[in-house]
Amino acid sequence: MQKVKIALTLYEQLLITSVTLPVEMLRAGEAYAKRHNKDAYKPLEIHCLSENGGPVESSIGMSMAVQTDFQALETYDYVIVPSIWRNPRPVVRHNPKLARNLGDAWEQGATIIGVGTGVCFLAESGILNGHSATTHWHYANQFMKSYPSVDLKPDYFITQSDRLYTVASLNALADVVVHLIGQFYGKDAANHVQQNFSHEIRKPYEEQRYLEGAVDRYSDEQIAAIQFWLKNNASSVESLASVAQQFDMSYRSFNRRFKVATGKTAIAYLQEVRLQQACELLASSNLSIQEIALTVGFNSQSQLSRAFKDHMNQTPSAYRKIVRKKLFS
């Protein structure tokens with residue numbers, strides 16, 4: 001059975017939660033797939049690596065075991081580069097092999113995820129030159145000065161450029177890990193991990209990221225305007241044919257252009273918007289599920305429940321119970 005090999009790079013002054021959190025989430029997704037989706041299951045081989053292959057003591061005094069040194073990075077499928085406490089420059093100087101070995105791993109086809117100021121190592125390697133990236137907001141100005149060839153997007157929590165991911169925070173890292181679990185093991189495993197590790201309401205990964213090249217592909221300004229309109233009027237839409245007519249388009253042309261521009265059908269997009277609004281009301285209001293269904297545009301409680309079960313693998317009442325424990329207990 002083919003394994004997925006994942007490396008985490010360790011160095012002094014790293015933020016230890018940017019190591020432990022993804023490992024725990026990945027293992028949870030792996031365990032879920034092993035129990036519930038044996039066809040999709042593939043084992044994860046997760047290792048920690050360091051500059052010289054020796055153990056690393058974190059800034060809080062915790063020592064972490066290491067399997068090998070950074071030279072082995074090119075043999076891994078995924079590499080997670082953790083965030084760094086305080087000024088990252090001394091850490092970058094003390095680990096000169098890492099930038100070069102990240103470049104080698106990238107050339108060999110690895111997917112690389114940089115976290116917070118750990119993104120400096122990706123920039124140092126040169127693999128981010130000409131690509132979009134983000135980093136911790138506190139270091140954004142210095143990052144732009146140090147790496148002018150990188151297209152920094154400080155207003156985004158996540159950027160994706162082919163096999164390069166950068167994230168600005170731990171929450172954003174969690175969202176990327178959920179996204180990867182979905183790629184490894186499917187939607188049900190991703191939902192399971194998200195519900196257990198992040199009960200609060202979160203925007204979908206696709207809505208948070210800056211996807212490099214998406215602006216060029218998404219050039220249909222009229223469809224962009226319709227998307228914006230749907231987000232603000234989802235509850236009042238009686239038919240998508242009437243929306244198309246409102247924007248002076250035939251229904252056939254509307255559907256075709258929407259799918260080309262967004263990668264999904266208009267009805268699927270509208271349902272996602274309504275479900276997100278339902279999630280927000282389930283967490284923040286005392287409206288009944290029937291009232292929430294009608295408020296966001298579903299015809300009945302049963303229609304909302306079916307959509308919820310299909311997308312979230314649980315009922316609206318179960319979701320409310322979980323999320324309100326986190327938000328209000």
# chains A, B, ... in the order shown; residues from 1 in each chain; ligands from 1

$ closest_atom_pairs --of "region 113-204 of chain A" --to "region 93-105 of chain A" --cutoff "12 Å" --atoms "only C-alpha atoms" --output "tab-separated table"
residue	atom	partner	partner_atom	distance
A:Ile113	CA	A:Leu102	CA	10.6
A:Gly114	CA	A:Leu102	CA	10.6
A:Gly118	CA	A:Ala99	CA	10.7
A:Val119	CA	A:Ala99	CA	10.4
A:Cys120	CA	A:Ala99	CA	8.9
A:Phe121	CA	A:Ala99	CA	5.4
A:Leu122	CA	A:Ala99	CA	6.4
A:Ala123	CA	A:Ala99	CA	8.1
A:Glu124	CA	A:Ala99	CA	5.8
A:Ser125	CA	A:Ala99	CA	4.3
A:Gly126	CA	A:Gly103	CA	7.3
A:Ile127	CA	A:Gly103	CA	6.2
A:Leu128	CA	A:Gly103	CA	9.8
A:Asn129	CA	A:Gly103	CA	11.6
A:Arg163	CA	A:Ala105	CA	11.0
A:Leu164	CA	A:Leu102	CA	11.1

$ residues_around --residues "Trp137 (chain A)" --least-positions-apart "4" --cutoff "10 Å" --atoms "only C-alpha atoms" --output "ChimeraX atom specification"
/A:116-117,141,143,153-157,168-169

$ residues_around --residues "region 311-318 of chain A" --least-positions-apart "2" --cutoff "10 Å" --atoms "only C-alpha atoms" --output "list in words"
Lys187, Asp188, Ala189, Ala190, Asn191, His192, Gln195, Gln271, Glu272, Leu275, Ala278, Cys279, Leu282, Ser288, Ile289, Ile292, Ala293, Gln301, Leu304, Ser305, Arg306, Ala307, Phe308, Lys309, Arg320, Lys321, Ile322 and Val323 of chain A

$ select_by_dssp --residues "region 61-239 of chain A" --states "helix (DSSP H, G or I)" --output "ChimeraX atom specification"
/A:70-75,89-94,96-107,116-125,137-146,170-185,187-197,205-208,214-217,221-236

$ select_by_dssp --residues "region 156-318 of chain A" --states "strand (DSSP E)" --output "CSV table (one decimal) with N, CA and C atoms, in the first residue's frame"
chain,number,residue,atom,x,y,z
A,158,ILE,N,-4.3,32.7,3.5
A,158,ILE,CA,-3.8,31.5,2.8
A,158,ILE,C,-3.5,31.9,1.4
A,159,THR,N,-2.4,31.5,0.8
A,159,THR,CA,-2.2,31.6,-0.6
A,159,THR,C,-1.9,30.2,-1.1
A,160,GLN,N,-2.3,29.9,-2.4
A,160,GLN,CA,-1.9,28.7,-3.0
A,160,GLN,C,-1.4,29.0,-4.4
A,161,SER,N,-0.2,28.5,-4.7
A,161,SER,CA,0.3,28.6,-6.0
A,161,SER,C,0.8,27.2,-6.4
A,164,LEU,N,2.7,25.1,-3.8
A,164,LEU,CA,3.2,26.0,-2.8
A,164,LEU,C,2.0,26.6,-2.0
A,165,TYR,N,1.9,26.3,-0.7
A,165,TYR,CA,0.9,26.9,0.2
A,165,TYR,C,1.6,27.8,1.2
A,166,THR,N,1.1,28.9,1.5
A,166,THR,CA,1.6,29.7,2.6
A,166,THR,C,0.4,30.1,3.5
A,167,VAL,N,0.6,30.2,4.8
A,167,VAL,CA,-0.5,30.5,5.7
A,167,VAL,C,0.0,31.5,6.7
A,209,ARG,N,-8.5,31.6,0.5
A,209,ARG,CA,-7.2,31.6,-0.1
A,209,ARG,C,-7.1,32.6,-1.2
A,210,TYR,N,-5.9,33.0,-1.5
A,210,TYR,CA,-5.6,33.7,-2.7
A,210,TYR,C,-5.0,32.6,-3.6
A,211,LEU,N,-5.8,32.2,-4.7
A,211,LEU,CA,-5.3,31.2,-5.6
A,211,LEU,C,-4.7,31.8,-6.8

$ residues_around --residues "region 231-234 of chain A" --least-positions-apart "6" --cutoff "12 Å" --atoms "only C-alpha atoms" --output "PyMOL selection string"
chain A and resi 224-225+240+243+266-267+269-278+293-298

$ closest_residue --among "A:Thr9, A:Asn286, A:Ser59, A:Asn37" --to "Tyr76 (chain A)" --atoms "only C-alpha atoms"
A:Thr9

$ atom_distance --atom1 "CA of Pro22 (chain A)" --atom2 "CA of Val177 (chain A)"
6.4 Å

$ closest_residue --among "A:Ile46, A:Ile6, A:Leu15, A:Ile226" --to "Gln246 (chain A)" --atoms "only C-alpha atoms"
A:Ile226

$ residues_around --residues "Leu10 (chain A)" --least-positions-apart "5" --cutoff "8 Å" --atoms "only C-alpha atoms" --output "list in words"
Cys48, Leu49, Ser50, Glu51, Val56, Val81 and Pro82 of chain A

$ residues_around --residues "region 249-257 of chain A" --least-positions-apart "2" --cutoff "10 Å" --atoms "only C-alpha atoms" --output "MDAnalysis selection string"
chainID A and resid 220 222:223 226 240:247 259:267

$ write_last_selection --atoms "C-alpha atoms" --output "PDB file, in the first residue's frame"
ATOM      1  CA  ASP A 220     -16.141  37.016 -16.462  1.00  0.00           C
ATOM      2  CA  GLN A 222     -20.749  39.688 -15.107  1.00  0.00           C
ATOM      3  CA  ILE A 223     -20.613  36.289 -13.375  1.00  0.00           C
ATOM      4  CA  ILE A 226     -23.930  37.667 -10.058  1.00  0.00           C
ATOM      5  CA  LEU A 240     -32.027  30.899 -11.096  1.00  0.00           C
ATOM      6  CA  ALA A 241     -33.812  31.462 -14.386  1.00  0.00           C
ATOM      7  CA  SER A 242     -35.170  34.720 -12.962  1.00  0.00           C
ATOM      8  CA  VAL A 243     -31.651  35.683 -11.838  1.00  0.00           C
ATOM      9  CA  ALA A 244     -30.360  35.098 -15.354  1.00  0.00           C
ATOM     10  CA  GLN A 245     -33.175  37.226 -16.744  1.00  0.00           C
ATOM     11  CA  GLN A 246     -32.418  39.981 -14.241  1.00  0.00           C
ATOM     12  CA  PHE A 247     -28.857  40.119 -15.610  1.00  0.00           C
ATOM     13  CA  LYS A 259     -19.621  26.804 -14.503  1.00  0.00           C
ATOM     14  CA  VAL A 260     -16.713  27.987 -16.674  1.00  0.00           C
ATOM     15  CA  ALA A 261     -15.964  30.960 -14.388  1.00  0.00           C
ATOM     16  CA  THR A 262     -16.321  29.293 -10.980  1.00  0.00           C
ATOM     17  CA  GLY A 263     -15.864  25.575 -11.570  1.00  0.00           C
ATOM     18  CA  LYS A 264     -19.268  24.777 -10.064  1.00  0.00           C
ATOM     19  CA  THR A 265     -22.888  25.059 -11.084  1.00  0.00           C
ATOM     20  CA  ALA A 266     -24.967  28.047 -10.035  1.00  0.00           C
ATOM     21  CA  ILE A 267     -27.362  25.842  -8.051  1.00  0.00           C
TER      22      ILE A 267
END

$ closest_residue --among "A:Val91, A:Ile60, A:Val193, A:Ala283" --to "Val178 (chain A)" --atoms "only C-alpha atoms"
A:Val193

$ atom_distance --atom1 "CA of Ser236 (chain A)" --atom2 "CA of Asp310 (chain A)"
22.6 Å
